[in-house]
>>> print(open('query-v6.pdb').read())   # PDB, C-alpha atoms
MODEL        1
ATOM      1  CA  MET A   1     111.034 101.778 119.261
ATOM      2  CA  THR A   2     114.814 101.678 119.387
ATOM      3  CA  ASP A   3     117.004 104.723 119.624
ATOM      4  CA  SER A   4     118.438 104.354 116.119
ATOM      5  CA  ARG A   5     114.945 103.968 114.691
ATOM      6  CA  GLN A   6     113.838 107.173 116.390
ATOM      7  CA  ARG A   7     116.810 109.052 115.034
ATOM      8  CA  LEU A   8     116.133 107.786 111.540
ATOM      9  CA  GLU A   9     112.475 108.742 111.818
ATOM     10  CA  GLN A  10     113.390 112.239 112.985
ATOM     11  CA  ARG A  11     115.720 112.704 110.013
ATOM     12  CA  TYR A  12     113.145 111.517 107.519
ATOM     13  CA  ARG A  13     110.610 113.868 109.123
ATOM     14  CA  ARG A  14     113.016 116.754 108.584
ATOM     15  CA  LEU A  15     113.326 115.861 104.910
ATOM     16  CA  LEU A  16     109.556 115.520 104.532
ATOM     17  CA  SER A  17     109.143 119.000 106.024
ATOM     18  CA  LEU A  18     110.462 120.339 102.702
ATOM     19  CA  TYR A  19     107.240 119.309 100.947
ATOM     20  CA  PRO A  20     104.370 121.800 100.544
ATOM     21  CA  LYS A  21     102.076 121.992 103.559
ATOM     22  CA  SER A  22      99.006 120.568 101.808
ATOM     23  CA  PHE A  23     101.005 117.533 100.711
ATOM     24  CA  ARG A  24     102.575 117.059 104.151
ATOM     25  CA  GLU A  25      99.211 117.086 105.874
ATOM     26  CA  THR A  26      97.846 114.190 103.860
ATOM     27  CA  ARG A  27     100.973 112.193 103.071
ATOM     28  CA  ARG A  28     103.649 112.634 105.733
ATOM     29  CA  GLU A  29     102.744 109.769 108.069
ATOM     30  CA  GLU A  30     102.125 107.409 105.191
ATOM     31  CA  MET A  31     105.425 108.259 103.467
ATOM     32  CA  LEU A  32     107.252 107.920 106.757
ATOM     33  CA  SER A  33     105.905 104.355 107.147
ATOM     34  CA  THR A  34     107.048 103.512 103.630
ATOM     35  CA  LEU A  35     110.515 105.009 104.183
ATOM     36  CA  LEU A  36     110.974 103.200 107.501
ATOM     37  CA  ASP A  37     109.653  99.905 106.085
ATOM     38  CA  GLY A  38     112.339 100.149 103.428
ATOM     39  CA  SER A  39     115.212 100.880 105.842
ATOM     40  CA  GLU A  40     117.509  98.379 107.512
ATOM     41  CA  GLN A  41     116.958  98.005 111.281
ATOM     42  CA  ASP A  42     120.293  99.495 112.398
ATOM     43  CA  ARG A  43     120.243 102.463 110.041
ATOM     44  CA  THR A  44     120.304 105.912 111.672
ATOM     45  CA  ARG A  45     120.740 108.111 108.593
ATOM     46  CA  PRO A  46     118.516 108.171 105.516
ATOM     47  CA  ARG A  47     119.978 106.550 102.420
ATOM     48  CA  ALA A  48     121.610 109.230 100.268
ATOM     49  CA  ASP A  49     119.577 108.368  97.163
ATOM     50  CA  GLU A  50     116.303 108.475  99.139
ATOM     51  CA  ALA A  51     117.239 111.815 100.708
ATOM     52  CA  VAL A  52     118.161 113.419  97.387
ATOM     53  CA  ASN A  53     115.046 111.989  95.739
ATOM     54  CA  LEU A  54     112.870 113.491  98.512
ATOM     55  CA  VAL A  55     114.536 116.905  98.158
ATOM     56  CA  GLY A  56     114.104 116.857  94.369
ATOM     57  CA  ASN A  57     110.456 115.793  94.493
ATOM     58  CA  ALA A  58     109.700 118.288  97.270
ATOM     59  CA  LEU A  59     111.125 121.111  95.158
ATOM     60  CA  LYS A  60     109.123 119.960  92.151
ATOM     61  CA  MET A  61     105.943 120.049  94.230
ATOM     62  CA  GLN A  62     106.822 123.394  95.786
ATOM     63  CA  THR A  63     107.133 124.961  92.343
ATOM     64  CA  LEU A  64     104.331 123.065  90.606
ATOM     65  CA  HIS A  65     101.750 123.366  93.370
ATOM     66  CA  SER A  66     102.299 127.020  94.103
ATOM     67  CA  GLU A  67     100.563 129.621  92.043
ATOM     68  CA  ILE A  68     103.478 131.420  90.473
ATOM     69  CA  PRO A  69     102.305 135.011  90.169
ATOM     70  CA  ASP A  70     103.933 135.867  86.847
ATOM     71  CA  ARG A  71     102.062 139.124  86.346
ATOM     72  CA  HIS A  72     102.695 140.689  89.706
ATOM     73  CA  PRO A  73     106.325 141.717  90.210
ATOM     74  CA  PHE A  74     106.119 141.628  94.004
ATOM     75  CA  GLY A  75     104.471 138.206  93.973
ATOM     76  CA  LEU A  76     107.243 136.859  91.798
ATOM     77  CA  LEU A  77     109.856 138.377  94.082
ATOM     78  CA  ALA A  78     108.190 136.773  97.101
ATOM     79  CA  PHE A  79     108.081 133.431  95.300
ATOM     80  CA  ARG A  80     111.797 133.659  94.525
ATOM     81  CA  ALA A  81     112.605 134.629  98.103
ATOM     82  CA  ILE A  82     110.644 131.639  99.443
ATOM     83  CA  LEU A  83     112.439 129.365  96.980
ATOM     84  CA  ALA A  84     115.824 130.780  98.045
ATOM     85  CA  VAL A  85     115.038 130.124 101.719
ATOM     86  CA  TRP A  86     113.794 126.643 100.788
ATOM     87  CA  ILE A  87     117.079 125.865  99.019
ATOM     88  CA  ILE A  88     119.093 127.003 102.038
ATOM     89  CA  VAL A  89     116.943 124.878 104.378
ATOM     90  CA  ALA A  90     117.287 121.852 102.061
ATOM     91  CA  THR A  91     121.055 122.337 101.985
ATOM     92  CA  VAL A  92     121.287 122.573 105.769
ATOM     93  CA  ILE A  93     119.146 119.440 106.219
ATOM     94  CA  LEU A  94     121.250 117.418 103.777
ATOM     95  CA  CYS A  95     124.535 118.622 105.319
ATOM     96  CA  SER A  96     123.279 117.880 108.828
ATOM     97  CA  MET A  97     122.842 114.270 107.705
ATOM     98  CA  GLY A  98     126.403 114.103 106.512
ATOM     99  CA  LEU A  99     125.416 114.367 102.850
ATOM    100  CA  TRP A 100     127.815 117.237 102.177
ATOM    101  CA  VAL A 101     128.269 116.652  98.486
ATOM    102  CA  TRP A 102     124.534 116.519  97.877
ATOM    103  CA  GLY A 103     124.043 119.621 100.005
ATOM    104  CA  ALA A 104     126.538 121.436  97.800
ATOM    105  CA  VAL A 105     124.814 120.155  94.655
ATOM    106  CA  VAL A 106     121.437 121.451  95.848
ATOM    107  CA  PHE A 107     122.948 124.768  96.931
ATOM    108  CA  VAL A 108     124.746 125.410  93.635
ATOM    109  CA  PHE A 109     122.754 123.654  90.937
ATOM    110  CA  PHE A 110     119.170 124.269  92.013
ATOM    111  CA  PRO A 111     119.506 128.075  91.880
ATOM    112  CA  LEU A 112     121.484 127.808  88.644
ATOM    113  CA  ASN A 113     118.801 125.589  87.199
ATOM    114  CA  ALA A 114     116.037 127.959  88.308
ATOM    115  CA  TYR A 115     117.938 130.925  86.891
ATOM    116  CA  LEU A 116     118.447 129.287  83.508
ATOM    117  CA  ALA A 117     114.820 128.117  83.351
ATOM    118  CA  ASP A 118     113.774 131.672  84.159
ATOM    119  CA  ARG A 119     115.937 133.068  81.361
ATOM    120  CA  ILE A 120     114.639 130.557  78.823
ATOM    121  CA  VAL A 121     111.000 131.191  79.730
ATOM    122  CA  LYS A 122     111.516 134.956  79.542
ATOM    123  CA  ARG A 123     113.121 134.702  76.125
ATOM    124  CA  SER A 124     110.400 132.428  74.839
ATOM    125  CA  ILE A 125     107.651 134.817  75.904
ATOM    126  CA  ARG A 126     108.965 137.435  73.496
ATOM    127  CA  PRO A 127     107.474 136.772  70.085
ATOM    128  CA  ASP A 128     110.696 137.609  68.233
ATOM    129  CA  ARG A 129     112.645 134.828  69.892
ATOM    130  CA  SER A 130     112.468 131.258  68.769
ATOM    131  CA  ILE A 131     113.237 129.395  72.012
ATOM    132  CA  ARG A 132     110.195 127.732  73.490
ATOM    133  CA  PRO A 133     109.787 126.782  77.159
ATOM    134  CA  HIS A 134     108.568 123.251  76.482
ATOM    135  CA  ARG A 135     109.908 120.839  73.993
ATOM    136  CA  SER A 136     108.499 117.371  73.996
ATOM    137  CA  VAL A 137     111.130 114.696  73.976
TER     138      VAL A 137
ATOM    139  CA  MET B   1      98.610 114.376  69.159
ATOM    140  CA  ALA B   2      99.343 110.682  69.432
ATOM    141  CA  LYS B   3      99.156 109.287  72.944
ATOM    142  CA  ARG B   4     102.611 108.883  74.418
ATOM    143  CA  GLY B   5     103.786 105.669  75.985
ATOM    144  CA  MET B   6     103.588 105.266  79.714
ATOM    145  CA  GLN B   7     106.693 105.767  81.836
ATOM    146  CA  GLU B   8     108.241 102.534  83.008
ATOM    147  CA  ALA B   9     107.765 103.365  86.702
ATOM    148  CA  THR B  10     104.063 104.066  86.109
ATOM    149  CA  PHE B  11     103.654 100.840  84.162
ATOM    150  CA  LEU B  12     105.328  98.854  86.932
ATOM    151  CA  ILE B  13     103.265 100.479  89.697
ATOM    152  CA  LEU B  14     100.030  99.694  87.864
ATOM    153  CA  THR B  15     101.272  96.150  87.219
ATOM    154  CA  ALA B  16     102.016  95.736  90.941
ATOM    155  CA  LEU B  17      98.474  96.875  91.792
ATOM    156  CA  ALA B  18      96.966  94.593  89.142
ATOM    157  CA  GLY B  19      97.729  91.736  91.547
ATOM    158  CA  GLY B  20      95.605  93.295  94.308
ATOM    159  CA  ALA B  21      95.637  96.236  96.724
ATOM    160  CA  GLN B  22      99.027  97.133  98.191
ATOM    161  CA  HIS B  23     100.546  99.775 100.454
ATOM    162  CA  GLY B  24     103.550 101.988  99.666
ATOM    163  CA  TYR B  25     106.380  99.696 100.635
ATOM    164  CA  GLY B  26     104.491  96.687  99.233
ATOM    165  CA  ILE B  27     104.467  98.411  95.839
ATOM    166  CA  ILE B  28     108.201  99.208  96.038
ATOM    167  CA  ALA B  29     109.065  95.588  96.917
ATOM    168  CA  ASP B  30     106.746  94.192  94.242
ATOM    169  CA  VAL B  31     108.118  96.516  91.534
ATOM    170  CA  GLU B  32     111.620  95.403  92.469
ATOM    171  CA  GLN B  33     110.572  91.794  92.046
ATOM    172  CA  ILE B  34     108.651  92.321  88.782
ATOM    173  CA  SER B  35     111.632  94.153  87.272
ATOM    174  CA  GLU B  36     114.039  91.457  88.486
ATOM    175  CA  ARG B  37     115.728  93.924  90.873
ATOM    176  CA  ARG B  38     116.428  96.439  88.109
ATOM    177  CA  VAL B  39     113.982  99.098  89.345
ATOM    178  CA  ARG B  40     113.943 100.185  92.973
ATOM    179  CA  LEU B  41     111.429 102.989  93.354
ATOM    180  CA  LYS B  42     112.289 105.694  95.827
ATOM    181  CA  ALA B  43     109.579 106.985  98.122
ATOM    182  CA  GLY B  44     109.614 110.503  96.623
ATOM    183  CA  THR B  45     109.088 109.105  93.139
ATOM    184  CA  LEU B  46     106.446 106.622  94.276
ATOM    185  CA  TYR B  47     104.258 109.187  96.028
ATOM    186  CA  ALA B  48     104.525 111.699  93.187
ATOM    187  CA  ALA B  49     103.361 108.912  90.856
ATOM    188  CA  LEU B  50     100.563 107.774  93.204
ATOM    189  CA  ASP B  51      99.275 111.349  93.414
ATOM    190  CA  ARG B  52      99.249 111.674  89.650
ATOM    191  CA  LEU B  53      97.634 108.267  89.120
ATOM    192  CA  ARG B  54      94.919 109.088  91.633
ATOM    193  CA  ASP B  55      94.258 112.449  89.982
ATOM    194  CA  ASP B  56      93.969 110.647  86.648
ATOM    195  CA  GLY B  57      91.495 108.178  88.158
ATOM    196  CA  LEU B  58      93.681 105.131  87.497
ATOM    197  CA  ILE B  59      94.033 104.120  91.160
ATOM    198  CA  GLU B  60      92.030 104.711  94.333
ATOM    199  CA  LEU B  61      92.355 104.277  98.069
ATOM    200  CA  ASP B  62      91.446 100.751  99.137
ATOM    201  CA  ARG B  63      91.799 100.998 102.928
ATOM    202  CA  GLU B  64      93.881 102.395 105.770
ATOM    203  CA  GLU B  65      95.553 100.355 108.459
ATOM    204  CA  ILE B  66      97.582 101.214 111.527
ATOM    205  CA  VAL B  67     100.405  98.697 112.028
ATOM    206  CA  ASP B  68     102.798  99.279 114.970
ATOM    207  CA  SER B  69     101.370 102.814 115.246
ATOM    208  CA  ARG B  70     102.320 103.430 111.595
ATOM    209  CA  LEU B  71      99.794 104.545 109.003
ATOM    210  CA  ARG B  72      99.531 102.353 105.935
ATOM    211  CA  ARG B  73      97.348 103.237 103.005
ATOM    212  CA  TYR B  74      96.466 100.538 100.522
ATOM    213  CA  TYR B  75      95.756 101.418  96.902
ATOM    214  CA  ARG B  76      93.959  99.475  94.190
ATOM    215  CA  LEU B  77      93.421  99.824  90.456
ATOM    216  CA  THR B  78      90.184 101.402  89.260
ATOM    217  CA  ALA B  79      88.334  99.997  86.243
ATOM    218  CA  GLY B  80      89.912 102.797  84.216
ATOM    219  CA  GLY B  81      93.331 101.869  85.595
ATOM    220  CA  SER B  82      92.889  98.242  84.548
ATOM    221  CA  SER B  83      91.891  99.126  81.013
ATOM    222  CA  THR B  84      94.722 101.690  80.691
ATOM    223  CA  LEU B  85      97.231  99.075  81.850
ATOM    224  CA  ALA B  86      95.765  96.488  79.460
ATOM    225  CA  GLU B  87      96.029  98.926  76.537
ATOM    226  CA  GLU B  88      99.632  99.765  77.396
ATOM    227  CA  ALA B  89     100.560  96.103  77.807
ATOM    228  CA  GLU B  90      99.030  95.342  74.407
ATOM    229  CA  ARG B  91     100.915  98.251  72.821
ATOM    230  CA  LEU B  92     104.214  97.124  74.326
ATOM    231  CA  SER B  93     103.735  93.490  73.374
ATOM    232  CA  SER B  94     102.953  94.506  69.799
ATOM    233  CA  HIS B  95     106.285  96.392  69.730
ATOM    234  CA  VAL B  96     108.044  93.368  71.178
ATOM    235  CA  ARG B  97     106.537  91.056  68.558
ATOM    236  CA  THR B  98     107.676  93.384  65.764
ATOM    237  CA  ALA B  99     111.190  93.710  67.184
ATOM    238  CA  LEU B 100     111.573  89.947  67.585
ATOM    239  CA  SER B 101     110.260  89.114  64.133
ATOM    240  CA  ARG B 102     112.551  91.687  62.471
ATOM    241  CA  LEU B 103     115.551  90.430  64.392
ATOM    242  CA  GLN B 104     114.737  86.934  63.230
ATOM    243  CA  LEU B 105     114.570  88.136  59.614
ATOM    244  CA  THR B 106     117.990  89.786  59.792
ATOM    245  CA  GLY B 107     119.531  87.024  61.846
ATOM    246  CA  GLY B 108     120.207  89.422  64.707
ATOM    247  CA  LEU B 109     118.522  87.235  67.282
ATOM    248  CA  PRO B 110     120.931  85.054  69.235
ATOM    249  CA  ALA B 111     120.054  81.366  68.910
TER     250      ALA B 111
ENDMDL
END
>>> encode(input="query-v6.pdb", output="structure tokens")
Amino acid sequence: MTDSRQRLEQRYRRLLSLYPKSFRETRREEMLSTLLDGSEQDRTRPRADEAVNLVGNALKMQTLHSEIPDRHPFGLLAFRAILAVWIIVATVILCSMGLWVWGAVVFVFFPLNAYLADRIVKRSIRPDRSIRPHRSV
Amino acid sequence: MAKRGMQEATFLILTALAGGAQHGYGIIADVEQISERRVRLKAGTLYAALDRLRDDGLIELDREEIVDSRLRRYYRLTAGGSSTLAEEAERLSSHVRTALSRLQLTGGLPA
């Protein structure tokens, strides 16, 4: 394997590390093959759209696959703390690949998004409010 | 509730697998070709979709291969996947027929 290929593989591995553990264990090697198959030979950095897509899907899986403990205040706090650390790690990984703008987007908009979603869900739980968490489009 | 239409990416993935078992990058390349280079699936999207399709019983693992020390998993349609794709294709083509015939009636179809 060439040097550039190894560097690319290492960078994709770092991005894949953002996925939940259970997913990583079964899918990492397979996804890595697919990502490398789709990359030009001399490429050393992941394509920006692939990187951002991986970060977005990893976050989706982190939140969907984890049991969000909505009844237990400490559990919820722990979940938020883990998510905050995850966002910082995702930002660092993206920035380390030279994707500064995307790093900034993840750092600013993901927490904002989570905060707003949190507010909307909280409001909708109260029976006197009319906003609902899910609206089919 | 009425059944909602399938997402385009899902439809294209199932269509790619309707031609036979394929691995991850094979699906991406095939979808690009089927869509005349309009849709290029990203790996994150593909594997989220494959997970969902497998949970829904529409696709299954065909085989695993190691090529150049890289793991490749091949997927194939299940019987349920084939019939779901056929239903969706029929639904879409019925919409297309209606759209074309109405355009013809109003003269909106370019000659």
>>> closest_residue(input="query-v6.pdb", among="B:Leu14, B:Arg91, B:Gly20, B:Val39", to="B:Arg54", atoms="only C-alpha atoms")
B:Leu14
>>> resolve_selection(input="query-v6.pdb", expression="the PyMOL selection byres ((chain B) within 9 of (chain A))", output="short mmCIF file (atom, residue, chain, number, x, y, z; two decimals) with C-alpha atoms, in the coordinates of the input")
data_model
loop_
_atom_site.label_atom_id
_atom_site.label_comp_id
_atom_site.auth_asym_id
_atom_site.auth_seq_id
_atom_site.Cartn_x
_atom_site.Cartn_y
_atom_site.Cartn_z
CA HIS B 23 100.55 99.78 100.45
CA GLY B 24 103.55 101.99 99.67
CA TYR B 25 106.38 99.70 100.64
CA GLY B 26 104.49 96.69 99.23
CA ILE B 28 108.20 99.21 96.04
CA ALA B 29 109.06 95.59 96.92
CA LYS B 42 112.29 105.69 95.83
CA ALA B 43 109.58 106.98 98.12
CA GLY B 44 109.61 110.50 96.62
CA THR B 45 109.09 109.10 93.14
CA TYR B 47 104.26 109.19 96.03
CA ALA B 48 104.52 111.70 93.19
CA ARG B 70 102.32 103.43 111.60
CA LEU B 71 99.79 104.54 109.00
CA ARG B 72 99.53 102.35 105.94
CA ARG B 73 97.35 103.24 103.00
#
>>> residues_around(input="query-v6.pdb", residues="B:Thr78", least_positions_apart="6", cutoff="9 Å", atoms="only C-alpha atoms", output="ChimeraX atom specification")
/B:57-60
>>> write_last_selection(input="query-v6.pdb", atoms="C-alpha atoms", output="short mmCIF file (atom, residue, chain, number, x, y, z; two decimals), in the coordinates of the input")
data_model
loop_
_atom_site.label_atom_id
_atom_site.label_comp_id
_atom_site.auth_asym_id
_atom_site.auth_seq_id
_atom_site.Cartn_x
_atom_site.Cartn_y
_atom_site.Cartn_z
CA GLY B 57 91.50 108.18 88.16
CA LEU B 58 93.68 105.13 87.50
CA ILE B 59 94.03 104.12 91.16
CA GLU B 60 92.03 104.71 94.33
#
>>> resolve_selection(input="query-v6.pdb", expression="the PyMOL selection byres ((chain A and resi 7) around 12)", output="PyMOL selection string")
chain A and resi 1-6+8-14+36+41-46+97
>>> residues_around(input="query-v6.pdb", residues="B:Gly5", least_positions_apart="2", cutoff="9 Å", atoms="only C-alpha atoms", output="ChimeraX atom specification")
/B:3,7-8,88,91-92
>>> residues_around(input="query-v6.pdb", residues="B:Arg63", least_positions_apart="2", cutoff="7 Å", atoms="all atoms listed in the file", output="count of residues only")
4
>>> resolve_selection(input="query-v6.pdb", expression="the PyMOL selection byres ((chain A and resi 82) around 12)", output="list of chain:residue names")
A:Leu18, A:Pro20, A:Leu59, A:Gln62, A:Thr63, A:Ser66, A:Ile68, A:Gly75, A:Leu76, A:Leu77, A:Ala78, A:Phe79, A:Arg80, A:Ala81, A:Leu83, A:Ala84, A:Val85, A:Trp86, A:Ile87, A:Ile88, A:Val89
>>> atom_distance(input="query-v6.pdb", atom1="atom CA of B:Ile27", atom2="atom CA of A:Ser17")
23.4 Å
>>> closest_residue(input="query-v6.pdb", among="B:Thr15, B:Thr10, B:Gln22, B:Ser94", to="B:Tyr75", atoms="only C-alpha atoms")
B:Gln22
>>> atom_distance(input="query-v6.pdb", atom1="atom CA of A:Val106", atom2="atom CA of A:Ala90")
7.5 Å
>>> build_atoms(input="query-v6.pdb", residues="stretch 95-110 of chain B", atoms="N, CA and C atoms", output="tab-separated table (two decimals), keeping the file's coordinate frame")
chain	number	residue	atom	x	y	z
B	95	HIS	N	104.93	95.94	70.06
B	95	HIS	CA	106.28	96.39	69.73
B	95	HIS	C	107.29	95.25	69.87
B	96	VAL	N	107.12	94.48	70.93
B	96	VAL	CA	108.04	93.37	71.18
B	96	VAL	C	107.95	92.35	70.05
B	97	ARG	N	106.73	92.04	69.65
B	97	ARG	CA	106.54	91.06	68.56
B	97	ARG	C	107.24	91.54	67.29
B	98	THR	N	107.05	92.84	66.97
B	98	THR	CA	107.68	93.38	65.76
B	98	THR	C	109.20	93.31	65.85
B	99	ALA	N	109.73	93.72	67.01
B	99	ALA	CA	111.19	93.71	67.18
B	99	ALA	C	111.74	92.30	67.02
B	100	LEU	N	111.08	91.33	67.65
B	100	LEU	CA	111.57	89.95	67.58
B	100	LEU	C	111.49	89.39	66.17
B	101	SER	N	110.39	89.68	65.48
B	101	SER	CA	110.26	89.11	64.13
B	101	SER	C	111.27	89.76	63.18
B	102	ARG	N	111.55	91.05	63.34
B	102	ARG	CA	112.55	91.69	62.47
B	102	ARG	C	113.95	91.18	62.77
B	103	LEU	N	114.23	90.97	64.03
B	103	LEU	CA	115.55	90.43	64.39
B	103	LEU	C	115.74	89.04	63.81
B	104	GLN	N	114.66	88.28	63.80
B	104	GLN	CA	114.74	86.93	63.23
B	104	GLN	C	115.03	87.01	61.73
B	105	LEU	N	114.38	87.98	61.07
B	105	LEU	CA	114.57	88.14	59.61
B	105	LEU	C	116.01	88.48	59.28
B	106	THR	N	116.62	89.35	60.10
B	106	THR	CA	117.99	89.79	59.79
B	106	THR	C	119.04	88.92	60.48
B	107	GLY	N	118.59	87.91	61.18
B	107	GLY	CA	119.53	87.02	61.85
B	107	GLY	C	120.20	87.65	63.06
B	108	GLY	N	119.61	88.72	63.57
B	108	GLY	CA	120.21	89.42	64.71
B	108	GLY	C	119.85	88.82	66.04
B	109	LEU	N	118.95	87.82	66.02
B	109	LEU	CA	118.52	87.24	67.28
B	109	LEU	C	119.45	86.09	67.68
B	110	PRO	N	120.04	86.15	68.84
B	110	PRO	CA	120.93	85.05	69.24
B	110	PRO	C	120.15	83.75	69.36
